[in-house]
Amino acid sequence: MGYLTLDETREFDIVLLGRAAIDLNPVDYYKPLYDSTTFKKYLGGSPANIAVGMARLGKKVGFIGKVSDDQFGTFIENRFQQEGIDITHVTRAKNGEKLGLTFTEIKSETESSILMYREGVADLQLSVEDISEDYIKNSKALLISGTALAQSPSREAALKALAFAKRNDTKVIFDIDYRPYNWKNTDEISIYYSMVAKEADVILGSREEVDLTERLIEEGRNDLQSAAYWHAQGVKIIVIKHGKEGSTAYTDDGNSYTIKSFPVKLLKSFGGGDGYASAFLYGLFEGWEIIDALEFGSASAAMLVASHACSEDMPDAESVKKFIKEEKELYGEMIARA
């Protein structure tokens, strides 16, 4: 407890910066994408999904992003407003850029893939003029999604927001959120990821994402070595995820906390990370013990991979608690703890 000291006088619990897009998930799943004919449209994009997740958990959420100046942009704004998410700093692209589209393939319970259309997308047109210091100053925390760093002018906007957060003691959460689209090479990825990671209070990422962040610093580290390095930079908590093998949170007092995945019948193998992030951060903001926040995150992730959507199926707090209770009754008290 007490790893993050949040300013409780601020209006927003968290403001998220990055992409809002559209997910198109097949209704006729368990077949290759090229054979799928019917899709359901959802609000998508990792930071947008996390924003919905935290709003469903009762947090006051704002968003900084750029959307297309068309009916799909209106769809994003409407969905945010329906979830109680502030959109005063969601702006429209000016030169015809469109929302990113993500077609998902649900080939089997354990085999899924994602096909993204990310050329000329609106979210990467976020610019320094879109960043308000007052907005960031009025939030307890700022979450920066790594995808926002992939191209200019979005990367400069993200770095400006980071500078404002540091100047105003707004806690910084870096969700590495690696997607191969839009990046030129792995050197570029490491340069910009490491710039933000060194200023973060909390880092969330898979082992692969942490490796990409550290590529130009030192390659081949294990989790303990990575944690020690980032703690030396001032990071308070780093969570390293290993998929179905579980995840570990390393804290700057030298402790570590490991959680295993909850057993569920999978519908798909994607979407769990955003549910994990929103629920873990909720527990952290509530001042819970780290292991309890991890358990909450792991449970939310399990619920998401057992459902069709990502943002649309984000659970509320009571649903997560009920899920944990039922899972422990079935599998034992310690099922989620290594």
# chains A, B, ... in the order shown; residues from 1 in each chain; ligands from 1
$ residues_around --residues "range 102-112 of chain A" --least-positions-apart "6" --cutoff "10 Å" --atoms "only C-alpha atoms" --output "count of residues only"
32
$ select_by_dssp --residues "range 35-276 of chain A" --states "alpha helix (DSSP H)" --output "number ranges by chain"
A: 46-56, 71-82, 133-137, 154-167, 186-197, 207-214, 223-232, 272-276
$ write_last_selection --atoms "C-alpha atoms" --output "PDB file, in the first residue's frame"
ATOM      1  CA  SER A  46      -6.238  -0.078 -25.765  1.00  0.00           C
ATOM      2  CA  PRO A  47      -6.396   3.292 -23.939  1.00  0.00           C
ATOM      3  CA  ALA A  48     -10.059   3.681 -24.932  1.00  0.00           C
ATOM      4  CA  ASN A  49     -10.817   0.203 -23.582  1.00  0.00           C
ATOM      5  CA  ILE A  50      -8.998   0.969 -20.323  1.00  0.00           C
ATOM      6  CA  ALA A  51     -10.898   4.260 -20.055  1.00  0.00           C
ATOM      7  CA  VAL A  52     -14.200   2.394 -20.299  1.00  0.00           C
ATOM      8  CA  GLY A  53     -12.970  -0.221 -17.825  1.00  0.00           C
ATOM      9  CA  MET A  54     -12.056   2.368 -15.207  1.00  0.00           C
ATOM     10  CA  ALA A  55     -15.291   4.306 -15.737  1.00  0.00           C
ATOM     11  CA  ARG A  56     -17.296   1.098 -15.220  1.00  0.00           C
ATOM     12  CA  GLN A  71     -19.930   9.475 -38.236  1.00  0.00           C
ATOM     13  CA  PHE A  72     -17.388   7.023 -36.820  1.00  0.00           C
ATOM     14  CA  GLY A  73     -15.818   9.894 -34.874  1.00  0.00           C
ATOM     15  CA  THR A  74     -19.297  10.667 -33.563  1.00  0.00           C
ATOM     16  CA  PHE A  75     -19.660   6.995 -32.611  1.00  0.00           C
ATOM     17  CA  ILE A  76     -16.504   7.195 -30.458  1.00  0.00           C
ATOM     18  CA  GLU A  77     -17.615  10.411 -28.777  1.00  0.00           C
ATOM     19  CA  ASN A  78     -21.090   9.035 -28.099  1.00  0.00           C
ATOM     20  CA  ARG A  79     -19.742   5.801 -26.605  1.00  0.00           C
ATOM     21  CA  PHE A  80     -17.390   7.730 -24.321  1.00  0.00           C
ATOM     22  CA  GLN A  81     -20.214   9.976 -23.148  1.00  0.00           C
ATOM     23  CA  GLN A  82     -22.477   6.981 -22.543  1.00  0.00           C
ATOM     24  CA  GLU A 133      -1.684  21.696 -18.953  1.00  0.00           C
ATOM     25  CA  ASP A 134      -4.769  22.565 -16.905  1.00  0.00           C
ATOM     26  CA  TYR A 135      -6.466  19.322 -17.944  1.00  0.00           C
ATOM     27  CA  ILE A 136      -3.495  17.208 -16.913  1.00  0.00           C
ATOM     28  CA  LYS A 137      -2.989  19.253 -13.747  1.00  0.00           C
ATOM     29  CA  SER A 154       1.273  12.234 -31.833  1.00  0.00           C
ATOM     30  CA  ARG A 155       4.607  11.399 -30.204  1.00  0.00           C
ATOM     31  CA  GLU A 156       5.403  15.065 -29.536  1.00  0.00           C
ATOM     32  CA  ALA A 157       1.911  15.524 -28.100  1.00  0.00           C
ATOM     33  CA  ALA A 158       2.475  12.565 -25.774  1.00  0.00           C
ATOM     34  CA  LEU A 159       5.866  13.920 -24.669  1.00  0.00           C
ATOM     35  CA  LYS A 160       4.348  17.347 -24.008  1.00  0.00           C
ATOM     36  CA  ALA A 161       1.635  15.723 -21.886  1.00  0.00           C
ATOM     37  CA  LEU A 162       4.347  13.804 -20.032  1.00  0.00           C
ATOM     38  CA  ALA A 163       6.236  17.040 -19.314  1.00  0.00           C
ATOM     39  CA  PHE A 164       3.070  18.679 -17.953  1.00  0.00           C
ATOM     40  CA  ALA A 165       2.380  15.635 -15.770  1.00  0.00           C
ATOM     41  CA  LYS A 166       5.863  15.715 -14.270  1.00  0.00           C
ATOM     42  CA  ARG A 167       5.671  19.470 -13.677  1.00  0.00           C
ATOM     43  CA  THR A 186      13.036  -1.422 -33.277  1.00  0.00           C
ATOM     44  CA  ASP A 187      15.633   1.285 -32.529  1.00  0.00           C
ATOM     45  CA  GLU A 188      12.902   3.900 -32.847  1.00  0.00           C
ATOM     46  CA  ILE A 189      10.637   1.885 -30.562  1.00  0.00           C
ATOM     47  CA  SER A 190      13.287   1.586 -27.856  1.00  0.00           C
ATOM     48  CA  ILE A 191      14.194   5.279 -28.011  1.00  0.00           C
ATOM     49  CA  TYR A 192      10.677   6.551 -27.423  1.00  0.00           C
ATOM     50  CA  TYR A 193       9.475   3.805 -25.113  1.00  0.00           C
ATOM     51  CA  SER A 194      12.474   4.242 -22.829  1.00  0.00           C
ATOM     52  CA  MET A 195      12.032   8.045 -22.762  1.00  0.00           C
ATOM     53  CA  VAL A 196       8.540   7.675 -21.314  1.00  0.00           C
ATOM     54  CA  ALA A 197       9.345   4.656 -19.140  1.00  0.00           C
ATOM     55  CA  ARG A 207       8.018  -9.480 -21.373  1.00  0.00           C
ATOM     56  CA  GLU A 208       8.248  -8.808 -25.120  1.00  0.00           C
ATOM     57  CA  GLU A 209       7.244  -5.176 -24.612  1.00  0.00           C
ATOM     58  CA  VAL A 210       9.772  -4.666 -21.828  1.00  0.00           C
ATOM     59  CA  ASP A 211      12.456  -6.202 -24.067  1.00  0.00           C
ATOM     60  CA  LEU A 212      11.598  -3.717 -26.821  1.00  0.00           C
ATOM     61  CA  THR A 213      11.790  -0.852 -24.348  1.00  0.00           C
ATOM     62  CA  GLU A 214      15.224  -1.983 -23.136  1.00  0.00           C
ATOM     63  CA  ASP A 223      12.345  -9.855 -15.003  1.00  0.00           C
ATOM     64  CA  LEU A 224      14.303  -9.194 -11.817  1.00  0.00           C
ATOM     65  CA  GLN A 225      17.057  -7.372 -13.702  1.00  0.00           C
ATOM     66  CA  SER A 226      14.514  -5.263 -15.580  1.00  0.00           C
ATOM     67  CA  ALA A 227      12.680  -4.371 -12.391  1.00  0.00           C
ATOM     68  CA  ALA A 228      15.901  -3.333 -10.650  1.00  0.00           C
ATOM     69  CA  TYR A 229      16.864  -1.086 -13.557  1.00  0.00           C
ATOM     70  CA  TRP A 230      13.516   0.693 -13.773  1.00  0.00           C
ATOM     71  CA  HIS A 231      13.304   1.144 -10.015  1.00  0.00           C
ATOM     72  CA  ALA A 232      16.698   2.843 -10.192  1.00  0.00           C
ATOM     73  CA  GLY A 272      -7.595  -9.492 -21.527  1.00  0.00           C
ATOM     74  CA  GLY A 273      -4.751  -6.999 -21.156  1.00  0.00           C
ATOM     75  CA  ASP A 274      -7.015  -3.961 -21.157  1.00  0.00           C
ATOM     76  CA  GLY A 275      -9.350  -5.499 -18.595  1.00  0.00           C
ATOM     77  CA  TYR A 276      -6.303  -6.382 -16.515  1.00  0.00           C
TER      78      TYR A 276
END
$ closest_residue --among "A:Tyr257, A:Phe285, A:Tyr117, A:Tyr250" --to "Asp13 in chain A" --atoms "only C-alpha atoms"
A:Phe285
$ atom_distance --atom1 "CA of Gly297 in chain A" --atom2 "CA of Asp253 in chain A"
21.5 Å
$ closest_residue --among "A:Leu281, A:Ala301, A:Met314, A:Ile240" --to "Lys171 in chain A" --atoms "only C-alpha atoms"
A:Leu281
$ atom_distance --atom1 "CA of Glu286 in chain A" --atom2 "CA of Glu83 in chain A"
20.2 Å
$ residues_around --residues "Leu57 in chain A" --least-positions-apart "6" --cutoff "9 Å" --atoms "only C-alpha atoms" --output "ChimeraX atom specification"
/A:278-279,282,314-318
$ residues_around --residues "Ile203 in chain A" --least-positions-apart "4" --cutoff "6 Å" --atoms "only C-alpha atoms" --output "PyMOL selection string"
chain A and resi 173-174+238
$ write_last_selection --atoms "C-alpha atoms" --output "compact mmCIF listing (two decimals), in the first residue's frame"
# COMPACT_ATOMS: atom_id res chain seq x y z
CA ILE A 173 1.30 5.32 -16.02
CA PHE A 174 2.99 3.91 -19.11
CA ILE A 238 6.51 -2.37 -12.90
$ closest_residue --among "A:Arg221, A:Lys322, A:Lys244, A:Lys236" --to "Gly2 in chain A" --atoms "only C-alpha atoms"
A:Lys236
$ atom_distance --atom1 "CA of Arg179 in chain A" --atom2 "CA of Ser300 in chain A"
22.0 Å
$ residues_around --residues "Lys98 in chain A" --least-positions-apart "5" --cutoff "10 Å" --atoms "only C-alpha atoms" --output "PyMOL selection string"
chain A and resi 21+66-70+72-73+92-93+117-123
$ write_last_selection --atoms "N, CA and C atoms" --output "short mmCIF file (atom, residue, chain, number, x, y, z; two decimals), in the first residue's frame"
data_model
loop_
_atom_site.label_atom_id
_atom_site.label_comp_id
_atom_site.auth_asym_id
_atom_site.auth_seq_id
_atom_site.Cartn_x
_atom_site.Cartn_y
_atom_site.Cartn_z
N ALA A 21 -10.37 3.70 -31.45
CA ALA A 21 -10.54 3.11 -32.78
C ALA A 21 -11.82 2.28 -32.80
N LYS A 66 -7.55 12.06 -30.74
CA LYS A 66 -8.01 12.61 -32.01
C LYS A 66 -8.83 11.53 -32.72
N VAL A 67 -10.02 11.93 -33.20
CA VAL A 67 -10.89 11.00 -33.92
C VAL A 67 -11.21 11.57 -35.29
N SER A 68 -11.77 10.74 -36.15
CA SER A 68 -12.13 11.16 -37.49
C SER A 68 -13.31 12.12 -37.47
N ASP A 69 -13.33 13.02 -38.43
CA ASP A 69 -14.39 14.02 -38.52
C ASP A 69 -15.53 13.47 -39.38
N ASP A 70 -16.16 12.41 -38.88
CA ASP A 70 -17.24 11.76 -39.61
C ASP A 70 -18.12 11.01 -38.62
N PHE A 72 -18.11 7.92 -37.72
CA PHE A 72 -17.39 7.02 -36.82
C PHE A 72 -16.76 7.81 -35.66
N GLY A 73 -16.30 9.04 -35.95
CA GLY A 73 -15.82 9.89 -34.87
C GLY A 73 -16.93 10.21 -33.89
N ARG A 92 -11.30 16.53 -33.43
CA ARG A 92 -11.51 15.94 -34.76
C ARG A 92 -10.30 16.18 -35.66
N ALA A 93 -9.95 15.16 -36.44
CA ALA A 93 -8.89 15.31 -37.44
C ALA A 93 -9.33 16.27 -38.53
N TYR A 117 -5.84 -1.84 -39.61
CA TYR A 117 -5.66 -0.87 -40.67
C TYR A 117 -5.25 0.44 -39.99
N ARG A 118 -3.96 0.81 -40.16
CA ARG A 118 -3.40 1.90 -39.37
C ARG A 118 -2.68 2.95 -40.22
N GLU A 119 -2.98 3.01 -41.52
CA GLU A 119 -2.35 4.03 -42.35
C GLU A 119 -3.23 5.28 -42.38
N GLY A 120 -2.62 6.44 -42.17
CA GLY A 120 -3.35 7.69 -42.21
C GLY A 120 -4.45 7.79 -41.18
N VAL A 121 -4.18 7.29 -39.95
CA VAL A 121 -5.23 7.23 -38.93
C VAL A 121 -5.32 8.54 -38.15
N ALA A 122 -6.51 8.81 -37.66
CA ALA A 122 -6.77 10.06 -36.96
C ALA A 122 -6.00 10.16 -35.65
N ASP A 123 -5.90 9.05 -34.89
CA ASP A 123 -5.31 9.16 -33.55
C ASP A 123 -3.86 9.62 -33.57
#
